$ cat query-v5.cif   # mmCIF, C-alpha atoms
data_entry
loop_
_atom_site.group_PDB
_atom_site.id
_atom_site.type_symbol
_atom_site.label_atom_id
_atom_site.label_comp_id
_atom_site.auth_asym_id
_atom_site.auth_seq_id
_atom_site.Cartn_x
_atom_site.Cartn_y
_atom_site.Cartn_z
ATOM 1 C CA MET A 1 56.297 110.930 124.228
ATOM 2 C CA LEU A 2 55.260 113.490 126.844
ATOM 3 C CA THR A 3 52.110 115.554 126.482
ATOM 4 C CA THR A 4 50.040 117.904 128.601
ATOM 5 C CA LEU A 5 46.530 116.525 128.799
ATOM 6 C CA GLN A 6 43.886 119.093 127.922
ATOM 7 C CA THR A 7 41.510 118.337 130.740
ATOM 8 C CA ALA A 8 41.009 119.574 134.260
ATOM 9 C CA TYR A 9 42.789 117.583 136.940
ATOM 10 C CA SER A 10 40.054 116.241 139.137
ATOM 11 C CA ASP A 11 40.821 115.384 142.716
ATOM 12 C CA THR A 12 40.654 111.622 142.237
ATOM 13 C CA ARG A 13 42.332 109.203 144.596
ATOM 14 C CA ALA A 14 44.448 106.112 144.090
ATOM 15 C CA ALA A 15 41.765 104.137 145.934
ATOM 16 C CA ASP A 16 39.228 105.083 143.204
ATOM 17 C CA LEU A 17 41.111 103.212 140.478
ATOM 18 C CA ALA A 18 39.365 100.165 139.084
ATOM 19 C CA TRP A 19 40.604 97.405 136.753
ATOM 20 C CA THR A 20 38.661 95.852 133.892
ATOM 21 C CA LEU A 21 39.558 93.453 131.119
ATOM 22 C CA GLY A 22 37.789 93.398 127.754
ATOM 23 C CA ARG A 23 36.278 96.900 127.791
ATOM 24 C CA GLU A 24 35.615 98.628 124.465
ATOM 25 C CA PRO A 25 37.947 101.533 123.570
ATOM 26 C CA LEU A 26 37.135 104.618 125.627
ATOM 27 C CA PRO A 27 37.647 108.242 124.521
ATOM 28 C CA ALA A 28 41.354 109.020 124.834
ATOM 29 C CA LEU A 29 43.200 112.292 125.428
ATOM 30 C CA ALA A 30 46.446 110.937 123.950
ATOM 31 C CA VAL A 31 47.288 107.773 121.967
ATOM 32 C CA LEU A 32 50.515 106.066 120.949
ATOM 33 C CA ASP A 33 50.301 103.305 118.315
ATOM 34 C CA LEU A 34 53.145 100.777 118.387
ATOM 35 C CA GLU A 35 54.148 97.785 116.294
ATOM 36 C CA LEU A 36 56.161 95.374 118.449
ATOM 37 C CA ALA A 37 57.399 92.439 116.356
ATOM 38 C CA GLY A 38 53.989 91.697 114.846
ATOM 39 C CA ALA A 39 51.888 92.813 117.806
ATOM 40 C CA LYS A 40 49.875 96.017 117.508
ATOM 41 C CA VAL A 41 49.771 97.862 120.811
ATOM 42 C CA GLN A 42 47.854 101.051 121.444
ATOM 43 C CA LEU A 43 48.673 102.972 124.612
ATOM 44 C CA ARG A 44 45.780 105.264 125.522
ATOM 45 C CA LEU A 45 45.730 107.989 128.169
ATOM 46 C CA LEU A 46 42.224 108.603 129.444
ATOM 47 C CA GLY A 47 41.034 111.546 131.486
ATOM 48 C CA ALA A 48 40.709 109.026 134.283
ATOM 49 C CA SER A 49 43.920 107.003 133.717
ATOM 50 C CA HIS A 50 44.871 104.364 131.070
ATOM 51 C CA GLN A 51 43.778 101.769 128.559
ATOM 52 C CA VAL A 52 45.963 99.368 126.553
ATOM 53 C CA LEU A 53 44.702 97.617 123.433
ATOM 54 C CA LEU A 54 46.701 94.658 122.107
ATOM 55 C CA GLU A 55 46.110 92.804 118.852
ATOM 56 C CA GLU A 56 48.142 89.959 117.405
ATOM 57 C CA ASP A 57 47.178 87.126 115.038
ATOM 58 C CA ARG A 58 43.452 88.035 115.262
ATOM 59 C CA ARG A 59 43.591 87.823 119.068
ATOM 60 C CA THR A 60 42.863 90.882 121.193
ATOM 61 C CA CYS A 61 43.267 92.082 124.756
ATOM 62 C CA SER A 62 41.940 95.296 126.291
ATOM 63 C CA GLU A 63 43.047 96.411 129.758
ATOM 64 C CA THR A 64 41.578 99.460 131.462
ATOM 65 C CA VAL A 65 42.735 100.917 134.773
ATOM 66 C CA ALA A 66 40.747 104.047 135.506
ATOM 67 C CA CYS A 67 38.489 105.968 137.848
ATOM 68 C CA LEU A 68 35.196 105.293 136.090
ATOM 69 C CA PRO A 69 31.740 106.044 137.465
ATOM 70 C CA GLY A 70 29.823 102.875 138.230
ATOM 71 C CA SER A 71 32.901 100.634 138.044
ATOM 72 C CA SER A 72 32.738 98.114 140.854
ATOM 73 C CA THR A 73 35.942 96.101 140.344
ATOM 74 C CA PRO A 74 38.592 97.623 142.631
ATOM 75 C CA LEU A 75 42.225 97.581 141.608
ATOM 76 C CA PRO A 76 43.487 94.077 142.428
ATOM 77 C CA LEU A 77 46.997 93.324 143.670
ATOM 78 C CA GLY A 78 47.243 90.575 141.070
ATOM 79 C CA VAL A 79 45.273 88.828 138.335
ATOM 80 C CA ALA A 80 46.080 85.778 136.202
ATOM 81 C CA GLU A 81 43.627 84.936 133.412
ATOM 82 C CA SER A 82 43.468 82.812 130.296
ATOM 83 C CA LEU A 83 42.514 84.706 127.157
ATOM 84 C CA GLY A 84 42.113 81.984 124.551
ATOM 85 C CA ASP A 85 45.629 80.674 124.033
ATOM 86 C CA TRP A 86 47.182 83.687 125.781
ATOM 87 C CA ASP A 87 48.076 84.011 129.431
ATOM 88 C CA TYR A 88 47.398 87.425 130.973
ATOM 89 C CA GLU A 89 49.054 88.539 134.212
ATOM 90 C CA PHE A 90 48.483 91.853 135.975
ATOM 91 C CA ALA A 91 49.972 93.192 139.198
ATOM 92 C CA ALA A 92 49.516 96.505 141.000
ATOM 93 C CA ARG A 93 50.948 98.188 144.047
ATOM 94 C CA VAL A 94 50.586 101.581 145.701
ATOM 95 C CA GLU A 95 53.701 103.451 146.835
ATOM 96 C CA THR A 96 53.238 106.166 149.451
ATOM 97 C CA LEU A 97 56.068 108.700 149.346
ATOM 98 C CA SER A 98 57.085 111.838 151.206
ATOM 99 C CA GLU A 99 56.610 115.119 149.319
ATOM 100 C CA GLY A 100 60.297 115.387 148.404
ATOM 101 C CA SER A 101 60.583 111.725 147.425
ATOM 102 C CA PHE A 102 57.397 111.977 145.380
ATOM 103 C CA ALA A 103 58.705 114.934 143.345
ATOM 104 C CA GLY A 104 62.011 113.156 142.656
ATOM 105 C CA ARG A 105 60.329 109.901 141.648
ATOM 106 C CA ALA A 106 57.861 111.779 139.412
ATOM 107 C CA GLN A 107 60.682 113.607 137.594
ATOM 108 C CA GLU A 108 62.610 110.348 137.154
ATOM 109 C CA LEU A 109 59.614 108.474 135.703
ATOM 110 C CA LEU A 110 58.540 111.292 133.396
ATOM 111 C CA ALA A 111 62.096 111.574 132.011
ATOM 112 C CA LEU A 112 62.299 107.794 131.477
ATOM 113 C CA VAL A 113 58.989 107.553 129.626
ATOM 114 C CA ALA A 114 59.202 110.844 127.680
ATOM 115 C CA ASP A 115 62.445 109.786 125.981
ATOM 116 C CA HIS A 116 61.480 106.158 125.332
ATOM 117 C CA PRO A 117 60.237 105.250 121.816
ATOM 118 C CA HIS A 118 57.553 102.975 123.351
ATOM 119 C CA GLY A 119 56.526 105.362 126.123
ATOM 120 C CA LEU A 120 53.599 107.720 126.567
ATOM 121 C CA ALA A 121 53.119 110.110 129.480
ATOM 122 C CA GLY A 122 50.593 112.832 130.106
ATOM 123 C CA THR A 123 50.671 115.494 132.779
ATOM 124 C CA PHE A 124 47.514 117.131 134.028
ATOM 125 C CA PRO A 125 47.259 120.943 134.204
ATOM 126 C CA GLY A 126 47.622 122.337 137.700
ATOM 127 C CA SER A 127 50.328 120.028 139.043
ATOM 128 C CA PRO A 128 53.562 119.001 137.300
ATOM 129 C CA TYR A 129 53.512 115.765 139.296
ATOM 130 C CA ALA A 130 49.931 114.734 138.447
ATOM 131 C CA PHE A 131 50.503 112.326 135.580
ATOM 132 C CA THR A 132 49.848 108.966 133.992
ATOM 133 C CA ALA A 133 52.762 107.250 132.230
ATOM 134 C CA MET A 134 52.977 104.022 130.225
ATOM 135 C CA LEU A 135 55.823 102.011 128.729
ATOM 136 C CA ALA A 136 55.460 98.924 126.477
ATOM 137 C CA GLN A 137 57.946 96.336 125.227
ATOM 138 C CA ARG A 138 58.113 92.947 123.606
ATOM 139 C CA THR A 139 60.473 90.422 125.098
ATOM 140 C CA GLU A 140 60.733 86.641 124.852
ATOM 141 C CA GLY A 141 57.573 86.438 122.727
ATOM 142 C CA GLN A 142 55.502 88.336 125.291
ATOM 143 C CA VAL A 143 54.104 91.852 125.270
ATOM 144 C CA ARG A 144 54.619 93.672 128.547
ATOM 145 C CA TRP A 145 53.666 97.088 129.786
ATOM 146 C CA ARG A 146 54.107 99.104 132.927
ATOM 147 C CA THR A 147 52.085 102.084 134.060
ATOM 148 C CA TRP A 148 52.399 104.762 136.715
ATOM 149 C CA HIS A 149 49.486 106.830 138.014
ATOM 150 C CA ALA A 150 50.518 109.755 140.215
ATOM 151 C CA TYR A 151 48.369 111.307 142.922
ATOM 152 C CA PRO A 152 50.521 114.129 144.369
ATOM 153 C CA GLN A 153 47.802 115.371 146.732
ATOM 154 C CA GLU A 154 48.035 111.984 148.503
ATOM 155 C CA GLY A 155 51.732 111.350 147.896
ATOM 156 C CA GLN A 156 50.741 108.084 146.204
ATOM 157 C CA LEU A 157 51.998 106.424 143.055
ATOM 158 C CA VAL A 158 50.073 103.459 141.658
ATOM 159 C CA VAL A 159 52.398 101.151 139.726
ATOM 160 C CA THR A 160 51.090 98.370 137.479
ATOM 161 C CA ARG A 161 52.745 95.753 135.330
ATOM 162 C CA THR A 162 51.129 93.471 132.780
ATOM 163 C CA ARG A 163 52.342 90.505 130.762
ATOM 164 C CA VAL A 164 50.460 88.893 127.866
ATOM 165 C CA GLY A 165 51.866 85.950 125.956
ATOM 166 C CA ALA A 166 51.210 82.568 124.450
ATOM 167 C CA ARG A 167 50.294 79.919 126.976
ATOM 168 C CA VAL A 168 53.165 77.614 127.779
ATOM 169 C CA PRO A 169 52.006 73.976 127.810
ATOM 170 C CA ALA A 170 52.330 72.269 131.164
ATOM 171 C CA ALA A 171 55.227 69.808 131.320
ATOM 172 C CA MET A 172 54.253 66.153 131.097
ATOM 173 C CA SER A 173 55.383 64.125 134.078
#

$ encode --input "query-v5.cif" --output "structure tokens"
Amino acid sequence: MLTTLQTAYSDTRAADLAWTLGREPLPALAVLDLELAGAKVQLRLLGASHQVLLEEDRRTCSETVACLPGSSTPLPLGVAESLGDWDYEFAARVETLSEGSFAGRAQELLALVADHPHGLAGTFPGSPYAFTAMLAQRTEGQVRWRTWHAYPQEGQLVVTRTRVGARVPAAMS
């Protein structure tokens, strides 16, 4: 699903993104509710980026990646946490692209997510390449999602990927 977000595009930067786990639901500009083989996933586009809410078997996970005032946890390259009997893994990277490459990559990602039944993308008024896009799936008993946060004024694309699934017991030796 592709939507135009009804908010002004503020001149935020990729470096202003912060990551938090366990935050309460924030006001969203667009929401996509999914049912993925028993897991309820809510993809949420915020004015300042994204939030994913996951619920399965009375367990929950909330991931927020956004430019939020007062947030002091910068975007990490990687996180691995235990959430009860779930394992949570998060990874992020920043791609810096030339103007032409950025436009091509933005069009490619928006087309991929807009046509996907488990995808949500929002463009900000003022720039066709200022967007946040999200794509969720369930595979091998795990829920996974990827996100893309575009900052055309910097030529930067922040790419994240997350995996949440049941903890695999360590092998006995």

$ closest_residue --input "query-v5.cif" --among "A:Leu109, A:Phe102, A:Arg138, A:Gly155" --to "Lys40 (chain A)" --atoms "all atoms listed in the file"
A:Arg138

$ closest_residue --input "query-v5.cif" --among "A:Gly47, A:Gly126, A:Gly78, A:Gly84" --to "Val159 (chain A)" --atoms "all atoms listed in the file"
A:Gly78

$ atom_distance --input "query-v5.cif" --atom1 "CA of Thr139 (chain A)" --atom2 "CA of Ala37 (chain A)"
9.5 Å

$ resolve_selection --input "query-v5.cif" --expression "the PyMOL selection byres ((chain A and resi 129) around 8)" --output "PyMOL selection string"
chain A and resi 103+106-107+123+127-128+130-131+150-152

$ axis_aligned_box --input "query-v5.cif" --around "region 11-21 of chain A" --padding-each-side "8 Å" --output "lines of an AutoDock Vina configuration file"
center_x = 41.6
center_y = 104.4
center_z = 138.5
size_x = 21.8
size_y = 37.9
size_z = 30.8
